[in-house]
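Data file: query-v3.txt. Format and content: compact mmCIF, C-alpha atoms and all ligand atoms.
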```txt
# COMPACT_ATOMS: atom_id res chain seq x y z
CA MET A 1 -44.64 8.89 -18.22
CA ILE A 2 -40.94 8.15 -18.07
CA THR A 3 -39.13 11.43 -18.55
CA PRO A 4 -35.40 11.63 -19.31
CA LYS A 5 -34.95 12.87 -15.76
CA LYS A 6 -36.69 9.79 -14.33
CA THR A 7 -34.65 7.51 -16.58
CA PHE A 8 -31.56 9.21 -15.29
CA LEU A 9 -32.64 8.74 -11.67
CA ILE A 10 -33.54 5.10 -12.19
CA GLY A 11 -30.19 4.58 -13.91
CA LEU A 12 -28.42 6.27 -11.05
CA PHE A 13 -30.26 4.11 -8.53
CA LEU A 14 -29.33 0.92 -10.38
CA LEU A 15 -25.75 2.08 -10.66
CA ILE A 16 -25.48 2.71 -6.93
CA ALA A 17 -27.42 -0.42 -5.96
CA GLY A 18 -25.32 -2.49 -8.39
CA GLY A 19 -22.10 -1.01 -7.05
CA TRP A 20 -23.21 -1.83 -3.53
CA TYR A 21 -24.17 -5.35 -4.51
CA THR A 22 -20.84 -6.19 -6.15
CA GLY A 23 -18.95 -4.44 -3.36
CA ALA A 24 -19.11 -5.10 0.37
CA GLY A 25 -22.79 -6.11 0.33
CA ALA A 26 -22.42 -9.35 -1.59
CA SER A 27 -19.40 -10.81 0.14
CA PRO A 28 -20.68 -12.07 3.48
CA ALA A 29 -23.03 -14.17 1.32
CA LEU A 30 -20.07 -15.30 -0.77
CA VAL A 31 -18.22 -16.31 2.41
CA LYS A 32 -21.13 -18.61 3.27
CA GLU A 33 -21.59 -19.87 -0.27
CA LYS A 34 -17.90 -20.80 -0.58
CA GLN A 35 -17.81 -22.09 3.01
CA CYS A 36 -14.75 -20.01 3.86
CA ASN A 37 -16.14 -19.76 7.39
CA THR A 38 -15.91 -23.51 7.98
CA CYS A 39 -12.11 -23.12 8.25
CA HIS A 40 -11.51 -19.40 8.95
CA ARG A 41 -12.84 -17.07 11.65
CA PHE A 42 -14.35 -13.84 10.32
CA SER A 43 -14.97 -12.44 13.79
CA ASN A 44 -13.05 -12.91 17.03
CA SER A 45 -16.22 -13.85 18.85
CA GLU A 46 -16.24 -17.26 17.13
CA ALA A 47 -14.47 -20.31 18.62
CA GLU A 48 -10.94 -21.10 17.31
CA LYS A 49 -10.83 -22.69 13.85
CA SER A 50 -8.22 -24.73 12.02
CA ALA A 51 -7.11 -22.11 9.45
CA PRO A 52 -5.61 -18.62 9.95
CA ASP A 53 -7.92 -15.91 11.29
CA LEU A 54 -9.28 -13.43 8.76
CA PHE A 55 -11.07 -10.95 11.05
CA TYR A 56 -8.09 -8.60 10.81
CA ALA A 57 -7.33 -9.31 7.13
CA GLY A 58 -7.66 -5.60 6.33
CA ASN A 59 -4.87 -4.79 8.79
CA LYS A 60 -2.64 -7.65 7.69
CA PHE A 61 -2.63 -8.07 3.91
CA GLN A 62 -1.75 -6.00 0.90
CA LYS A 63 -4.79 -5.78 -1.31
CA LYS A 64 -3.04 -6.75 -4.54
CA TRP A 65 -1.48 -9.86 -3.03
CA LEU A 66 -4.78 -10.88 -1.43
CA GLU A 67 -6.68 -10.72 -4.69
CA SER A 68 -4.05 -12.76 -6.53
CA PHE A 69 -3.93 -15.33 -3.69
CA LEU A 70 -7.71 -15.81 -3.84
CA LYS A 71 -7.51 -16.52 -7.57
CA GLN A 72 -4.36 -18.60 -7.40
CA PRO A 73 -3.73 -19.82 -3.84
CA GLU A 74 -0.20 -20.79 -2.83
CA THR A 75 1.20 -22.63 0.21
CA ILE A 76 2.51 -20.32 2.92
CA ARG A 77 2.62 -22.66 5.91
CA LEU A 78 4.52 -25.70 4.74
CA ALA A 79 3.85 -27.69 7.92
CA GLY A 80 0.21 -26.59 8.14
CA HIS A 81 -1.36 -23.90 10.30
CA THR A 82 -0.51 -24.07 14.00
CA HIS A 83 -4.17 -24.74 14.86
CA ASP A 84 -4.35 -27.74 12.54
CA PRO A 85 -4.65 -30.90 14.68
CA GLY A 86 -1.86 -32.49 12.59
CA PHE A 87 0.51 -29.50 12.90
CA LEU A 88 4.16 -30.64 12.99
CA LYS A 89 3.12 -34.28 13.02
CA GLY A 90 4.09 -34.45 9.36
CA VAL A 91 0.52 -34.85 8.20
CA PRO A 92 -1.47 -31.66 8.47
CA GLU A 93 -5.16 -32.53 8.42
CA TYR A 94 -5.58 -29.76 5.87
CA ALA A 95 -3.20 -30.30 2.97
CA GLY A 96 -4.97 -28.18 0.39
CA PRO A 97 -5.35 -27.36 -2.40
CA HIS A 98 -6.98 -24.16 -1.21
CA PRO A 99 -10.29 -23.28 -2.87
CA ALA A 100 -9.81 -20.73 -5.68
CA LEU A 101 -12.19 -17.96 -6.74
CA ASN A 102 -12.83 -16.56 -10.21
CA SER A 103 -11.82 -12.97 -10.95
CA LYS A 104 -15.14 -11.39 -10.04
CA GLU A 105 -15.53 -13.36 -6.83
CA ALA A 106 -11.92 -12.66 -5.86
CA GLN A 107 -12.49 -8.94 -6.32
CA GLN A 108 -15.63 -8.96 -4.17
CA MET A 109 -14.00 -11.11 -1.51
CA THR A 110 -10.90 -8.91 -1.43
CA ASN A 111 -13.03 -5.81 -0.85
CA HIS A 112 -14.84 -7.58 1.95
CA LEU A 113 -11.68 -8.93 3.59
CA MET A 114 -9.94 -5.55 3.36
CA SER A 115 -12.83 -4.05 5.36
CA LEU A 116 -12.19 -6.42 8.31
CA LYS A 117 -9.98 -4.67 10.85
CA ILE A 118 -9.10 -4.80 14.53
CA PRO A 119 -9.11 -2.72 16.53
CA LYS A 120 -9.13 -0.12 13.78
CA GLU A 121 -6.64 1.25 11.28
CA LEU A 122 -3.08 0.55 12.53
CA PRO A 123 -0.85 3.64 12.76
CA LEU A 124 1.26 4.13 9.63
CA LEU A 125 5.00 3.74 9.93
CA GLU A 126 8.11 5.49 8.76
CA LEU A 127 10.62 2.72 8.19
CA PRO A 128 14.37 3.22 7.95
CA VAL A 129 16.08 2.48 4.66
CA LEU A 130 18.53 -0.32 5.40
CA SER A 131 22.09 0.28 4.27
CA LYS A 132 23.96 -2.82 3.10
CA GLY A 133 25.83 -3.01 6.40
CA THR A 134 22.68 -2.64 8.53
CA ARG A 135 20.92 -5.24 6.42
CA VAL A 136 23.73 -7.72 7.13
CA ARG A 137 23.50 -6.98 10.86
CA VAL A 138 19.71 -7.50 10.88
CA LYS A 139 20.14 -10.71 8.89
CA ILE A 140 22.50 -11.95 11.63
CA LEU A 141 19.88 -11.08 14.26
CA PHE A 142 17.22 -12.91 12.23
CA GLU A 143 19.35 -15.99 11.65
CA ARG A 144 21.58 -16.28 14.73
CA ASP A 145 20.61 -14.12 17.68
CA TYR A 146 16.86 -14.71 17.52
CA SER A 147 16.78 -17.90 15.38
CA CYS A 148 13.77 -16.67 13.42
CA ILE A 149 15.07 -18.83 10.58
CA ALA A 150 14.50 -21.99 12.63
CA CYS A 151 10.77 -21.51 11.97
CA HIS A 152 10.54 -19.17 8.96
CA GLN A 153 11.77 -19.41 5.40
CA SER A 154 13.75 -16.44 4.11
CA TYR A 155 16.47 -15.97 1.47
CA ASN A 156 20.12 -16.88 1.70
CA LEU A 157 22.78 -14.76 -0.03
CA ALA A 158 22.18 -16.61 -3.32
CA ARG A 159 18.46 -15.70 -3.03
CA GLN A 160 17.43 -19.29 -2.43
CA PRO A 161 14.63 -19.86 0.10
CA ARG A 162 15.80 -21.68 3.20
CA GLY A 163 14.70 -22.04 6.79
CA GLY A 164 12.23 -23.85 9.01
CA VAL A 165 8.65 -24.60 8.09
CA SER A 166 6.74 -24.44 11.37
CA GLY A 167 5.96 -20.72 10.87
CA PRO A 168 4.54 -19.00 7.78
CA SER A 169 7.07 -18.55 4.98
CA LEU A 170 8.37 -14.98 4.77
CA ILE A 171 9.82 -15.21 1.26
CA ASP A 172 7.08 -13.00 -0.21
CA ALA A 173 6.27 -11.04 2.96
CA GLY A 174 7.08 -7.73 1.25
CA ARG A 175 4.24 -8.24 -1.20
CA ARG A 176 1.93 -10.07 1.12
CA LEU A 177 1.97 -8.23 4.46
CA ARG A 178 1.48 -4.61 5.46
CA PRO A 179 4.51 -3.09 7.22
CA GLU A 180 2.40 -1.56 10.01
CA TRP A 181 0.93 -5.00 10.72
CA VAL A 182 4.35 -6.73 10.77
CA TYR A 183 5.57 -4.05 13.20
CA GLN A 184 2.57 -4.57 15.52
CA TRP A 185 2.94 -8.35 15.25
CA LEU A 186 6.60 -8.19 16.30
CA LYS A 187 5.79 -5.74 19.06
CA ASN A 188 2.88 -7.62 20.53
CA PRO A 189 1.47 -10.66 18.67
CA GLN A 190 -1.10 -11.14 21.42
CA GLN A 191 -3.10 -8.30 19.88
CA PHE A 192 -3.92 -10.78 17.11
CA ILE A 193 -3.53 -14.29 18.46
CA THR A 194 -4.10 -15.80 21.86
CA GLN A 195 -2.37 -19.15 21.54
CA GLY A 196 0.60 -18.49 19.29
CA LYS A 197 3.58 -20.80 18.82
CA MET A 198 6.10 -18.01 18.23
CA PRO A 199 8.34 -16.94 21.12
CA LEU A 200 7.61 -13.47 22.53
CA TYR A 201 10.50 -11.10 21.93
CA LYS A 202 11.22 -7.79 23.60
CA PHE A 203 12.75 -5.67 20.85
CA ASP A 204 13.81 -2.08 21.35
CA GLU A 205 12.13 0.41 19.03
CA GLU A 206 15.06 0.66 16.64
CA THR A 207 15.46 -3.12 16.23
CA LEU A 208 11.70 -3.43 15.81
CA ARG A 209 11.71 -1.02 12.87
CA LYS A 210 14.81 -2.53 11.29
CA MET A 211 13.43 -6.04 11.62
CA THR A 212 10.13 -4.93 10.08
CA GLN A 213 11.97 -3.34 7.17
CA TYR A 214 14.14 -6.45 6.77
CA ILE A 215 11.05 -8.67 6.55
CA MET A 216 9.40 -6.25 4.10
CA SER A 217 12.44 -6.54 1.84
CA HIS A 218 11.59 -10.20 1.14
CA LYS A 219 9.94 -10.48 -2.26
CA LYS A 220 9.74 -13.33 -4.73
CA ASP A 221 10.13 -10.81 -7.52
CA PRO A 222 12.56 -8.22 -6.16
CA LYS A 223 11.54 -5.72 -8.83
CA SER A 224 7.87 -5.69 -7.82
CA LYS A 225 6.61 -2.73 -5.79
C1 LIG B 1 -11.02 -26.42 4.01
C2 LIG B 1 -10.54 -25.29 4.76
C3 LIG B 1 -10.49 -23.93 4.06
C4 LIG B 1 -11.46 -23.31 3.33
C5 LIG B 1 -12.85 -23.81 2.97
C6 LIG B 1 -10.93 -22.01 2.98
N1 LIG B 1 -9.66 -21.86 3.49
FE1 LIG B 1 -8.49 -20.21 3.33
N2 LIG B 1 -6.96 -21.22 4.18
C7 LIG B 1 -7.03 -22.48 4.74
C8 LIG B 1 -5.73 -22.85 5.27
C9 LIG B 1 -5.37 -24.13 5.98
C10 LIG B 1 -4.86 -21.76 5.00
C11 LIG B 1 -3.37 -21.66 5.30
C12 LIG B 1 -2.65 -22.08 4.04
C13 LIG B 1 -1.16 -21.85 4.11
O1 LIG B 1 -0.72 -21.08 4.95
O2 LIG B 1 -0.41 -22.45 3.31
C14 LIG B 1 -5.67 -20.75 4.33
C15 LIG B 1 -5.19 -19.51 3.94
C16 LIG B 1 -5.99 -18.46 3.53
C17 LIG B 1 -5.55 -17.09 3.39
C18 LIG B 1 -4.15 -16.58 3.72
C19 LIG B 1 -4.17 -16.34 5.22
C20 LIG B 1 -2.85 -16.06 5.85
O3 LIG B 1 -2.83 -15.57 7.01
O4 LIG B 1 -1.84 -16.37 5.25
C21 LIG B 1 -6.64 -16.37 2.99
C22 LIG B 1 -6.70 -14.88 2.72
C23 LIG B 1 -7.76 -17.29 2.85
N3 LIG B 1 -7.32 -18.56 3.18
C24 LIG B 1 -9.03 -16.95 2.46
C25 LIG B 1 -10.06 -17.86 2.24
C26 LIG B 1 -11.33 -17.53 1.64
C27 LIG B 1 -11.75 -16.14 1.22
C28 LIG B 1 -12.05 -18.69 1.56
C29 LIG B 1 -13.38 -18.91 0.92
C30 LIG B 1 -13.43 -18.63 -0.52
C31 LIG B 1 -11.23 -19.74 2.13
N4 LIG B 1 -10.03 -19.21 2.52
C32 LIG B 1 -11.62 -21.06 2.26
C33 LIG B 1 -8.15 -23.28 4.79
C34 LIG B 1 -9.35 -23.02 4.15
C1 LIG B 2 9.62 -21.43 17.34
C2 LIG B 2 9.26 -20.97 16.03
C3 LIG B 2 9.33 -19.49 15.71
C4 LIG B 2 10.36 -18.61 15.88
C5 LIG B 2 11.72 -18.87 16.50
C6 LIG B 2 9.91 -17.36 15.30
N1 LIG B 2 8.64 -17.49 14.81
FE1 LIG B 2 7.60 -16.05 13.80
N2 LIG B 2 5.97 -17.28 13.77
C7 LIG B 2 5.96 -18.60 14.19
C8 LIG B 2 4.61 -19.13 14.01
C9 LIG B 2 4.18 -20.55 14.29
C10 LIG B 2 3.83 -18.08 13.46
C11 LIG B 2 2.34 -18.11 13.10
C12 LIG B 2 1.52 -17.68 14.23
C13 LIG B 2 1.16 -18.81 15.13
O1 LIG B 2 0.38 -19.64 14.70
O2 LIG B 2 1.66 -18.85 16.26
C14 LIG B 2 4.73 -16.94 13.31
C15 LIG B 2 4.35 -15.73 12.76
C16 LIG B 2 5.25 -14.74 12.36
C17 LIG B 2 4.92 -13.60 11.54
C18 LIG B 2 3.55 -13.33 10.91
C19 LIG B 2 3.51 -14.07 9.60
C20 LIG B 2 2.14 -14.34 9.06
O3 LIG B 2 2.04 -14.47 7.86
O4 LIG B 2 1.16 -14.48 9.83
C21 LIG B 2 6.07 -12.86 11.41
C22 LIG B 2 6.22 -11.57 10.61
C23 LIG B 2 7.10 -13.53 12.16
N3 LIG B 2 6.57 -14.67 12.73
C24 LIG B 2 8.41 -13.09 12.28
C25 LIG B 2 9.34 -13.67 13.12
C26 LIG B 2 10.63 -13.07 13.46
C27 LIG B 2 11.14 -11.76 12.92
C28 LIG B 2 11.25 -13.94 14.32
C29 LIG B 2 12.57 -13.77 15.02
C30 LIG B 2 12.76 -12.52 15.74
C31 LIG B 2 10.36 -15.09 14.50
N4 LIG B 2 9.23 -14.88 13.77
C32 LIG B 2 10.66 -16.20 15.26
C33 LIG B 2 7.01 -19.30 14.70
C34 LIG B 2 8.24 -18.77 15.04
```

Step by step, read the file and then write its structure as structure tokens.
Amino acid sequence: MITPKKTFLIGLFLLIAGGWYTGAGASPALVKEKQCNTCHRFSNSEAEKSAPDLFYAGNKFQKKWLESFLKQPETIRLAGHTHDPGFLKGVPEYAGPHPALNSKEAQQMTNHLMSLKIPKELPLLELPVLSKGTRVRVKILFERDYSCIACHQSYNLARQPRGGVSGPSLIDAGRRLRPEWVYQWLKNPQQFITQGKMPLYKFDEETLRKMTQYIMSHKKDPKSK
């Protein structure tokens, strides 16, 4: 006989099993189904692939941005990814458009990607608030002293994007990237990438934090949190 208690337990079971299924459990299957793994690496034990690595997506991306990107992908690397055989030859082999997911799939995939981390959670950061004067000085470092702008798009004083295209665009970095990841990337990119095309810099701790904060201040919609 099915008692109310049993009904409750069965309901509870289905609720938990259902939650599991739509959460982390379903997504490795979704990765295969959507063939994300033909272009991206989901583990660093795989051989290099042509698109950016995702095995540290949980360290790198802000969840909200990631979910909106998966539904409505945008171009971040205007000259293609550095591992694309046509990189900088004017004709990246991969020219998009990037596959898009529906809302439910994007939610599942986001949960899965946010669970992928190396080596573990990155230490959280206290970043300095940049005064107007400091911001100008960091902008000069970014544009002149270190020539970051030769490879990365950022904003000019009129808030127009400008800059080189061989590196990922930074114009929405403040919504897209996690500050603790940007800090670690600037400190030691080799934690994440073995054959990078970006010069290695030796920043002192203060410059490192200011540069991270400067990058995090880049947002397409400056009012967004
Ligand atoms: C045909 C190859 C291909 C497939 C299939 C593909 N991607 Fe991508 N993906 C790319 C390329 C190339 C980029 C870089 C685009 C850019 O920077 O403009 C990219 C960018 C991304 C990014 C942003 C990464 C970053 O570091 O900026 C995420 C997240 C992502 N893809 C997830 C996925 C997921 C999830 C799937 C499966 C639903 C998928 N991709 C399928 C080629 C692919
Ligand atoms: C010679 C070109 C070049 C210069 C100069 C350069 N970068 Fe990069 N940067 C790249 C490339 C290319 C990547 C992508 C990683 C790769 O494939 O090597 C990258 C990645 C990044 C990323 C991670 C972005 C992402 O979405 O993955 C940040 C942040 C960054 N650079 C900031 C800077 C800063 C700050 C400077 C100056 C201090 C700088 N870069 C100078 C080429 C450059």

Expected answer as a PyMOL selection string: residues within 6 Å of ligand LIG 1 (chain B), all atoms listed in the file: chain A and resi 31+34-36+38-39+51-52+75-77+81+94+98-99

Go ahead and write the residues just picked, C-alpha atoms, as a JSON list (two decimals), in the frame of the given file.
```json
[["chain", "number", "residue", "atom", "x", "y", "z"],
["A", 31, "VAL", "CA", -18.22, -16.31, 2.41],
["A", 34, "LYS", "CA", -17.90, -20.80, -0.58],
["A", 35, "GLN", "CA", -17.81, -22.09, 3.01],
["A", 36, "CYS", "CA", -14.75, -20.01, 3.86],
["A", 38, "THR", "CA", -15.91, -23.51, 7.98],
["A", 39, "CYS", "CA", -12.11, -23.12, 8.25],
["A", 51, "ALA", "CA", -7.11, -22.11, 9.45],
["A", 52, "PRO", "CA", -5.61, -18.62, 9.95],
["A", 75, "THR", "CA", 1.20, -22.63, 0.21],
["A", 76, "ILE", "CA", 2.51, -20.32, 2.92],
["A", 77, "ARG", "CA", 2.62, -22.66, 5.91],
["A", 81, "HIS", "CA", -1.36, -23.90, 10.30],
["A", 94, "TYR", "CA", -5.58, -29.76, 5.87],
["A", 98, "HIS", "CA", -6.98, -24.16, -1.21],
["A", 99, "PRO", "CA", -10.29, -23.28, -2.87]]
```

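Checking A:Ser166, A:Asn44, A:Ser224, A:Gln108 one by one against Thr194 (chain A), counting only C-alpha atoms, you find the shortest gap at A:Asn44.
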
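Straight-line separation from CA of Ser169 (chain A) to CA of Asp221 (chain A): 15.0 Å.
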
Please find the residues contacting ligand LIG 2 (chain B) at a distance of at most 7 Å between atoms, with only C-alpha atoms and all ligand atoms counted, and report them as a VMD selection string. chain A and resid 81 to 83 142 146 to 152 166 to 168 170 182 185 to 186 195 to 199 201 211 215

Can you tell me which residues surround region 135-139 of chain A at a distance of at most 8 Å, considering all atoms listed in the file, apart from same-chain residues fewer than 5 positions away, and format the answer as a list in words? Leu130, Lys210, Met211 and Tyr214 of chain A

Closest of A:Gly133, A:Pro222, A:Pro128, A:Pro161 to Pro179 (chain A), counting all atoms listed in the file, is A:Pro128

At what distance in Å, to one decimal, does CA of Pro28 (chain A) lie from CA of Glu105 (chain A)? 11.6 Å

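Comparing A:His40, A:Leu54, A:Ala173, A:Ser45 by their smallest distance to Asp84 (chain A), the closest is A:His40 (using only C-alpha atoms).
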
Could region 65-93 of chain A be completed with N, CA and C atoms and returned as a short mmCIF file (atom, residue, chain, number, x, y, z; two decimals), in the frame of the given file?
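Listing of out12.cif after writing:
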```cif
data_model
loop_
_atom_site.label_atom_id
_atom_site.label_comp_id
_atom_site.auth_asym_id
_atom_site.auth_seq_id
_atom_site.Cartn_x
_atom_site.Cartn_y
_atom_site.Cartn_z
N TRP A 65 -1.88 -8.47 -3.30
CA TRP A 65 -1.48 -9.86 -3.03
C TRP A 65 -2.72 -10.69 -2.71
N LEU A 66 -3.60 -10.13 -1.88
CA LEU A 66 -4.78 -10.88 -1.43
C LEU A 66 -5.63 -11.32 -2.63
N GLU A 67 -5.85 -10.39 -3.53
CA GLU A 67 -6.68 -10.72 -4.69
C GLU A 67 -6.01 -11.81 -5.54
N SER A 68 -4.70 -11.73 -5.71
CA SER A 68 -4.05 -12.76 -6.53
C SER A 68 -4.03 -14.10 -5.79
N PHE A 69 -3.88 -14.07 -4.46
CA PHE A 69 -3.93 -15.33 -3.69
C PHE A 69 -5.29 -16.01 -3.84
N LEU A 70 -6.37 -15.21 -3.78
CA LEU A 70 -7.71 -15.81 -3.84
C LEU A 70 -7.98 -16.46 -5.19
N LYS A 71 -7.35 -15.92 -6.23
CA LYS A 71 -7.51 -16.52 -7.57
C LYS A 71 -6.60 -17.71 -7.76
N GLN A 72 -5.37 -17.57 -7.21
CA GLN A 72 -4.36 -18.60 -7.40
C GLN A 72 -3.66 -18.86 -6.08
N PRO A 73 -4.30 -19.64 -5.18
CA PRO A 73 -3.73 -19.82 -3.84
C PRO A 73 -2.37 -20.52 -3.88
N GLU A 74 -1.52 -20.18 -2.93
CA GLU A 74 -0.20 -20.79 -2.83
C GLU A 74 -0.02 -21.27 -1.38
N THR A 75 0.95 -22.13 -1.16
CA THR A 75 1.20 -22.63 0.21
C THR A 75 2.13 -21.67 0.94
N ILE A 76 1.71 -21.25 2.12
CA ILE A 76 2.51 -20.32 2.92
C ILE A 76 3.05 -21.03 4.16
N ARG A 77 2.22 -21.93 4.69
CA ARG A 77 2.62 -22.66 5.91
C ARG A 77 2.89 -24.10 5.51
N LEU A 78 4.17 -24.40 5.32
CA LEU A 78 4.52 -25.70 4.74
C LEU A 78 4.23 -26.86 5.67
N ALA A 79 4.16 -26.61 6.98
CA ALA A 79 3.85 -27.69 7.92
C ALA A 79 2.40 -27.56 8.43
N GLY A 80 1.60 -26.78 7.71
CA GLY A 80 0.21 -26.59 8.14
C GLY A 80 0.11 -25.42 9.11
N HIS A 81 -1.13 -24.99 9.36
CA HIS A 81 -1.36 -23.90 10.30
C HIS A 81 -1.22 -24.45 11.72
N THR A 82 -0.77 -23.58 12.64
CA THR A 82 -0.51 -24.07 14.00
C THR A 82 -1.77 -24.61 14.70
N HIS A 83 -2.94 -24.22 14.23
CA HIS A 83 -4.17 -24.74 14.86
C HIS A 83 -4.68 -26.02 14.19
N ASP A 84 -3.96 -26.49 13.19
CA ASP A 84 -4.35 -27.74 12.54
C ASP A 84 -4.01 -28.89 13.49
N PRO A 85 -4.94 -29.82 13.73
CA PRO A 85 -4.65 -30.90 14.68
C PRO A 85 -3.40 -31.70 14.30
N GLY A 86 -3.04 -31.72 13.01
CA GLY A 86 -1.86 -32.49 12.59
C GLY A 86 -0.60 -31.65 12.47
N PHE A 87 -0.64 -30.41 13.01
CA PHE A 87 0.51 -29.50 12.90
C PHE A 87 1.78 -30.14 13.43
N LEU A 88 2.84 -30.11 12.65
CA LEU A 88 4.16 -30.64 12.99
C LEU A 88 4.20 -32.16 13.19
N LYS A 89 3.08 -32.82 12.93
CA LYS A 89 3.12 -34.28 13.02
C LYS A 89 3.42 -34.87 11.65
N GLY A 90 3.74 -33.98 10.70
CA GLY A 90 4.09 -34.45 9.36
C GLY A 90 2.90 -34.59 8.45
N VAL A 91 1.72 -34.69 9.02
CA VAL A 91 0.52 -34.85 8.20
C VAL A 91 -0.54 -33.85 8.61
N PRO A 92 -0.42 -32.61 8.13
CA PRO A 92 -1.47 -31.66 8.47
C PRO A 92 -2.82 -32.20 7.98
N GLU A 93 -3.83 -32.04 8.80
CA GLU A 93 -5.16 -32.53 8.42
C GLU A 93 -5.61 -31.83 7.13
#
```
